[in-house]
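A short write-up of the structure that comes next.
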Amino acid sequence: FGSEEVWLITVPSSSPPTAALPLYATVQIQFDQNPEDIGMKLKNRLDGTVLFDRPTSSYGKSLAGQTTHEVIPIYSTNTGDQTYRFTIEDNNKDGLCCSNGYGSYELYIGDDMEGQPLLSGSIFNSKETWLIEVPFSSPPTATLQSQDGDIYATVQIQFDQNPETIGIRLENNLDGTALFDRPTSSYGKSLAGQTRNTRVLQGKQLMK
C-alpha cells in the first residue's frame, strides 16, 4: 500500500468482529515519448468525489518509454453499488502512440497482478472516458464513452505460452500510416495464455 492502509471494522451486536479490506483500483500506464502530455482522473459519479487526479504535466520527461503504476483507494461496495468515471487525456491529441512512440494504459479493480484489466487503451484523440460500474453483488464493468468522430477497430488476441514472440501491425493501405504497431517483444511473459483487447483509433486526426 502507499503511505497508509485503512480498515473498516464492523462489530455486529450478535457476532464476532469482522474486517473488510478497502477496495483499490490500479492504473498501469506505459508512456510514449511525451509523458508530460498525459493526464488522468478518476471520479465517483454518485457524490462527485475526485479520488485520483493527475493533470497534464504531472509526469516528467524522465518517464518516457517507462511503465508506472498508480494505486487508487476507492469506495468499498459495502456502502452499495458504486459508479466511477475514468478519463485519460493527451495534450498532443494522439494518445499514447504513433510518431511519439507506442504506449498503453490499463485499469484494474484490485491489484494489476491478480487478473485481467477492466479496461485498456492506447490510441485516442485529446481524451478517452470510461464509465466504471462496481456493483455490490456482481463483477465490475467498464463502458467506453464515445467521443465525437471517433472510429475504432478492435484487435483481440489470445496469447499462447510465448506472447513475447508476437507482433501486430495495422496500417492504412492508401498512405502507409501506421495506426497500430506492436513489434515482437512488446508483450511480456506474464500475458501467457491470456486474452488482450486493444482498440485502434482511426479518426481524422490520426489519418493526416
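Numbering starts fresh at 1 for the residues of each chain in the C-alpha cells, the chains themselves are lettered A, B, ... in the order given, and ligands are numbered from 1 as they appear.
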
Please provide as a PDB file with all heavy atoms, in the first residue's frame all residues within 12 Å of Phe136 in chain A, with the sequence filter that same-chain residues fewer than 3 positions apart are discarded (counting only C-alpha atoms).
```
ATOM      1  N   LEU A  23     -11.162  -1.235  -1.056  1.00  0.00           N
ATOM      2  CA  LEU A  23     -11.084  -1.630  -2.451  1.00  0.00           C
ATOM      3  C   LEU A  23     -10.165  -0.666  -3.187  1.00  0.00           C
ATOM      4  O   LEU A  23     -10.214   0.540  -2.967  1.00  0.00           O
ATOM      5  CB  LEU A  23     -12.488  -1.604  -3.058  1.00  0.00           C
ATOM      6  CG  LEU A  23     -12.690  -2.298  -4.395  1.00  0.00           C
ATOM      7  CD1 LEU A  23     -12.321  -3.773  -4.308  1.00  0.00           C
ATOM      8  CD2 LEU A  23     -14.149  -2.163  -4.820  1.00  0.00           C
ATOM      9  N   TYR A  75     -14.182   3.405  -3.088  1.00  0.00           N
ATOM     10  CA  TYR A  75     -15.168   3.043  -2.078  1.00  0.00           C
ATOM     11  C   TYR A  75     -15.395   1.537  -2.023  1.00  0.00           C
ATOM     12  O   TYR A  75     -15.437   0.860  -3.052  1.00  0.00           O
ATOM     13  CB  TYR A  75     -16.506   3.712  -2.370  1.00  0.00           C
ATOM     14  CG  TYR A  75     -16.498   5.218  -2.282  1.00  0.00           C
ATOM     15  CD1 TYR A  75     -17.560   5.959  -2.774  1.00  0.00           C
ATOM     16  CD2 TYR A  75     -15.431   5.903  -1.716  1.00  0.00           C
ATOM     17  CE1 TYR A  75     -17.565   7.341  -2.704  1.00  0.00           C
ATOM     18  CE2 TYR A  75     -15.427   7.279  -1.635  1.00  0.00           C
ATOM     19  CZ  TYR A  75     -16.497   7.996  -2.136  1.00  0.00           C
ATOM     20  OH  TYR A  75     -16.497   9.357  -2.063  1.00  0.00           O
ATOM     21  N   SER A  76     -15.584   1.028  -0.821  1.00  0.00           N
ATOM     22  CA  SER A  76     -15.971  -0.366  -0.662  1.00  0.00           C
ATOM     23  C   SER A  76     -17.411  -0.549  -1.120  1.00  0.00           C
ATOM     24  O   SER A  76     -18.256   0.331  -0.937  1.00  0.00           O
ATOM     25  CB  SER A  76     -15.838  -0.784   0.804  1.00  0.00           C
ATOM     26  OG  SER A  76     -16.434  -2.049   1.009  1.00  0.00           O
ATOM     27  N   THR A  77     -17.703  -1.698  -1.721  1.00  0.00           N
ATOM     28  CA  THR A  77     -19.084  -1.973  -2.123  1.00  0.00           C
ATOM     29  C   THR A  77     -19.969  -2.245  -0.918  1.00  0.00           C
ATOM     30  O   THR A  77     -21.182  -2.410  -1.068  1.00  0.00           O
ATOM     31  CB  THR A  77     -19.143  -3.167  -3.095  1.00  0.00           C
ATOM     32  OG1 THR A  77     -18.448  -4.282  -2.518  1.00  0.00           O
ATOM     33  CG2 THR A  77     -18.512  -2.813  -4.427  1.00  0.00           C
ATOM     34  N   ASN A  78     -19.377  -2.302   0.280  1.00  0.00           N
ATOM     35  CA  ASN A  78     -20.200  -2.401   1.492  1.00  0.00           C
ATOM     36  C   ASN A  78     -21.123  -1.194   1.622  1.00  0.00           C
ATOM     37  O   ASN A  78     -22.139  -1.246   2.314  1.00  0.00           O
ATOM     38  CB  ASN A  78     -19.315  -2.501   2.738  1.00  0.00           C
ATOM     39  CG  ASN A  78     -18.626  -3.849   2.841  1.00  0.00           C
ATOM     40  OD1 ASN A  78     -19.017  -4.798   2.174  1.00  0.00           O
ATOM     41  ND2 ASN A  78     -17.595  -3.929   3.667  1.00  0.00           N
ATOM     42  N   THR A  79     -20.745  -0.095   0.968  1.00  0.00           N
ATOM     43  CA  THR A  79     -21.576   1.109   1.011  1.00  0.00           C
ATOM     44  C   THR A  79     -22.590   1.144  -0.127  1.00  0.00           C
ATOM     45  O   THR A  79     -23.279   2.143  -0.305  1.00  0.00           O
ATOM     46  CB  THR A  79     -20.694   2.370   0.951  1.00  0.00           C
ATOM     47  OG1 THR A  79     -19.933   2.356  -0.274  1.00  0.00           O
ATOM     48  CG2 THR A  79     -19.736   2.422   2.130  1.00  0.00           C
ATOM     49  N   GLY A  80     -22.671   0.053  -0.903  1.00  0.00           N
ATOM     50  CA  GLY A  80     -23.624  -0.016  -2.007  1.00  0.00           C
ATOM     51  C   GLY A  80     -22.936   0.016  -3.362  1.00  0.00           C
ATOM     52  O   GLY A  80     -21.712   0.119  -3.463  1.00  0.00           O
ATOM     53  N   ASP A  81     -23.731  -0.090  -4.425  1.00  0.00           N
ATOM     54  CA  ASP A  81     -23.193  -0.043  -5.784  1.00  0.00           C
ATOM     55  C   ASP A  81     -22.480   1.288  -6.021  1.00  0.00           C
ATOM     56  O   ASP A  81     -22.951   2.341  -5.585  1.00  0.00           O
ATOM     57  CB  ASP A  81     -24.318  -0.201  -6.807  1.00  0.00           C
ATOM     58  CG  ASP A  81     -25.006  -1.559  -6.717  1.00  0.00           C
ATOM     59  OD1 ASP A  81     -24.491  -2.432  -5.992  1.00  0.00           O
ATOM     60  OD2 ASP A  81     -26.053  -1.729  -7.368  1.00  0.00           O
ATOM     61  N   GLN A  82     -21.360   1.228  -6.732  1.00  0.00           N
ATOM     62  CA  GLN A  82     -20.581   2.431  -6.998  1.00  0.00           C
ATOM     63  C   GLN A  82     -20.393   2.621  -8.503  1.00  0.00           C
ATOM     64  O   GLN A  82     -20.297   1.653  -9.260  1.00  0.00           O
ATOM     65  CB  GLN A  82     -19.209   2.351  -6.317  1.00  0.00           C
ATOM     66  CG  GLN A  82     -19.261   2.204  -4.811  1.00  0.00           C
ATOM     67  CD  GLN A  82     -19.896   3.399  -4.130  1.00  0.00           C
ATOM     68  OE1 GLN A  82     -19.749   4.532  -4.592  1.00  0.00           O
ATOM     69  NE2 GLN A  82     -20.606   3.156  -3.042  1.00  0.00           N
ATOM     70  N   THR A  83     -20.338   3.881  -8.920  1.00  0.00           N
ATOM     71  CA  THR A  83     -20.110   4.222 -10.323  1.00  0.00           C
ATOM     72  C   THR A  83     -19.015   5.283 -10.394  1.00  0.00           C
ATOM     73  O   THR A  83     -19.043   6.260  -9.642  1.00  0.00           O
ATOM     74  CB  THR A  83     -21.389   4.764 -10.985  1.00  0.00           C
ATOM     75  OG1 THR A  83     -22.443   3.816 -10.825  1.00  0.00           O
ATOM     76  CG2 THR A  83     -21.167   4.992 -12.476  1.00  0.00           C
ATOM     77  N   GLU A 133     -18.674   0.680 -13.506  1.00  0.00           N
ATOM     78  CA  GLU A 133     -19.703   0.320 -12.539  1.00  0.00           C
ATOM     79  C   GLU A 133     -19.198  -0.832 -11.679  1.00  0.00           C
ATOM     80  O   GLU A 133     -18.742  -1.852 -12.205  1.00  0.00           O
ATOM     81  CB  GLU A 133     -20.995  -0.061 -13.252  1.00  0.00           C
ATOM     82  CG  GLU A 133     -21.590   1.105 -14.042  1.00  0.00           C
ATOM     83  CD  GLU A 133     -22.930   0.769 -14.671  1.00  0.00           C
ATOM     84  OE1 GLU A 133     -23.939   0.789 -13.941  1.00  0.00           O
ATOM     85  OE2 GLU A 133     -22.949   0.484 -15.874  1.00  0.00           O
ATOM     86  N   PRO A 139     -19.760  -8.771 -10.901  1.00  0.00           N
ATOM     87  CA  PRO A 139     -18.442  -8.255 -11.296  1.00  0.00           C
ATOM     88  C   PRO A 139     -18.519  -6.835 -11.848  1.00  0.00           C
ATOM     89  O   PRO A 139     -19.530  -6.433 -12.430  1.00  0.00           O
ATOM     90  CB  PRO A 139     -17.994  -9.241 -12.385  1.00  0.00           C
ATOM     91  CG  PRO A 139     -18.783 -10.481 -12.127  1.00  0.00           C
ATOM     92  CD  PRO A 139     -20.100 -10.023 -11.600  1.00  0.00           C
ATOM     93  N   PRO A 140     -17.458  -6.055 -11.689  1.00  0.00           N
ATOM     94  CA  PRO A 140     -17.428  -4.694 -12.234  1.00  0.00           C
ATOM     95  C   PRO A 140     -17.384  -4.702 -13.758  1.00  0.00           C
ATOM     96  O   PRO A 140     -16.920  -5.660 -14.379  1.00  0.00           O
ATOM     97  CB  PRO A 140     -16.144  -4.101 -11.648  1.00  0.00           C
ATOM     98  CG  PRO A 140     -15.288  -5.275 -11.323  1.00  0.00           C
ATOM     99  CD  PRO A 140     -16.229  -6.381 -10.950  1.00  0.00           C
TER     100      PRO A 140
END
```

At a cut-off of 12 Å, using only C-alpha atoms, what residues contact Asn91 in chain A? Leave out same-chain residues fewer than 4 positions from it and give the result as a VMD selection string. chain A and resid 34 to 40 55 to 57 95 to 96 124 to 127

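If only C-alpha atoms are the atoms counted, then among A:Thr143, A:Ala192, A:Ala153, A:Ile88 the closest residue to Ile166 in chain A is A:Ala192.
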
According to DSSP computed on the backbone, where in range 34-107 of chain A is there strand (DSSP E)? Give the residues as a PyMOL selection string. chain A and resi 38-44+50-54+67-74+82-90+104-107

List as a tab-separated table every residue of range 24-76 of chain A that is in contact with range 102-118 of chain A, defined as an atom at most 6 Å from one of its atoms (using only C-alpha atoms), together with the nearest atom pair and the distance in Å rounded to one decimal, sorted by chain and then rising number.
```
residue	atom	partner	partner_atom	distance
A:Tyr24	CA	A:Gly110	CA	4.9
A:Ala25	CA	A:Ile109	CA	4.4
A:Thr26	CA	A:Tyr108	CA	5.1
A:Val27	CA	A:Leu107	CA	4.4
A:Gln28	CA	A:Glu106	CA	5.2
A:Ile29	CA	A:Tyr105	CA	4.2
A:Gln30	CA	A:Gly103	CA	4.8
A:Phe31	CA	A:Gly103	CA	5.0
A:Asp32	CA	A:Gly103	CA	4.9
```

At what distance in Å, to one decimal, does CA of Asp181 in chain A lie from CA of Arg54 in chain A?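 Answer for the CA of Arg54 in chain A to CA of Asp181 in chain A separation: 27.1 Å.
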
Neighbouring residues of Thr184 in chain A were defined as those with any atom within 8 Å, considering only C-alpha atoms; residues of the same chain fewer than 2 positions away were excluded. Please report them as a PyMOL selection string. chain A and resi 164-168+182+186-187

Output file for the residues above (N, CA and C atoms, as a compact mmCIF listing (two decimals), in the first residue's frame):
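So selection_10.txt came out as:
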```txt
# COMPACT_ATOMS: atom_id res chain seq x y z
N GLU A 164 5.79 -12.98 -25.97
CA GLU A 164 6.89 -12.09 -26.34
C GLU A 164 7.34 -12.30 -27.79
N THR A 165 6.89 -13.39 -28.43
CA THR A 165 7.28 -13.64 -29.82
C THR A 165 6.26 -13.08 -30.82
N ILE A 166 5.19 -12.46 -30.31
CA ILE A 166 4.10 -11.99 -31.17
C ILE A 166 4.23 -10.49 -31.44
N GLY A 167 4.00 -10.10 -32.69
CA GLY A 167 3.93 -8.70 -33.08
C GLY A 167 2.71 -8.46 -33.95
N ILE A 168 2.11 -7.28 -33.86
CA ILE A 168 0.91 -6.95 -34.63
C ILE A 168 1.07 -5.54 -35.20
N ARG A 182 2.79 -3.06 -32.71
CA ARG A 182 3.39 -3.70 -31.55
C ARG A 182 4.42 -4.70 -32.05
N SER A 186 6.97 -6.77 -27.49
CA SER A 186 6.14 -5.74 -26.86
C SER A 186 5.29 -6.33 -25.74
N TYR A 187 4.93 -7.61 -25.86
CA TYR A 187 4.08 -8.25 -24.87
C TYR A 187 4.93 -9.13 -23.96
```

Distance query Arg196 in chain A at most 12 Å, only C-alpha atoms, self and fewer than 2 positions along chain excluded, as a list of chain:residue names: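 Residues near the query, excluding close chain neighbours: A:Glu106, A:Gly115, A:Gln116, A:Pro117, A:Leu118, A:Leu119, A:Ser120, A:Gly121, A:Thr154, A:Val155, A:Gln156, A:Ile157, A:Gln158, A:Phe159, A:Asp160, A:Pro163, A:Tyr187, A:Gly188, A:Ser190, A:Leu191, A:Ala192, A:Gly193, A:Gln194, A:Thr198, A:Arg199.
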
Can you pull out the residues contacting Asn44 in chain A? Cut-off 8 Å, using only C-alpha atoms, and skip same-chain residues under 2 positions away; I want them as a ChimeraX atom specification. /A:42,46-51,82-85

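Distances to Arg45 in chain A were evaluated for A:Phe86, A:Gly60, A:Ser138, A:Ala178 using only C-alpha atoms, and the minimum falls at A:Phe86.
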
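When CA of Thr87 in chain A is paired with CA of Lys43 in chain A, their separation reads 8.7 Å.
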
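Taking CA of Leu170 in chain A and CA of Lys61 in chain A as the two end points, the separation is 27.9 Å.
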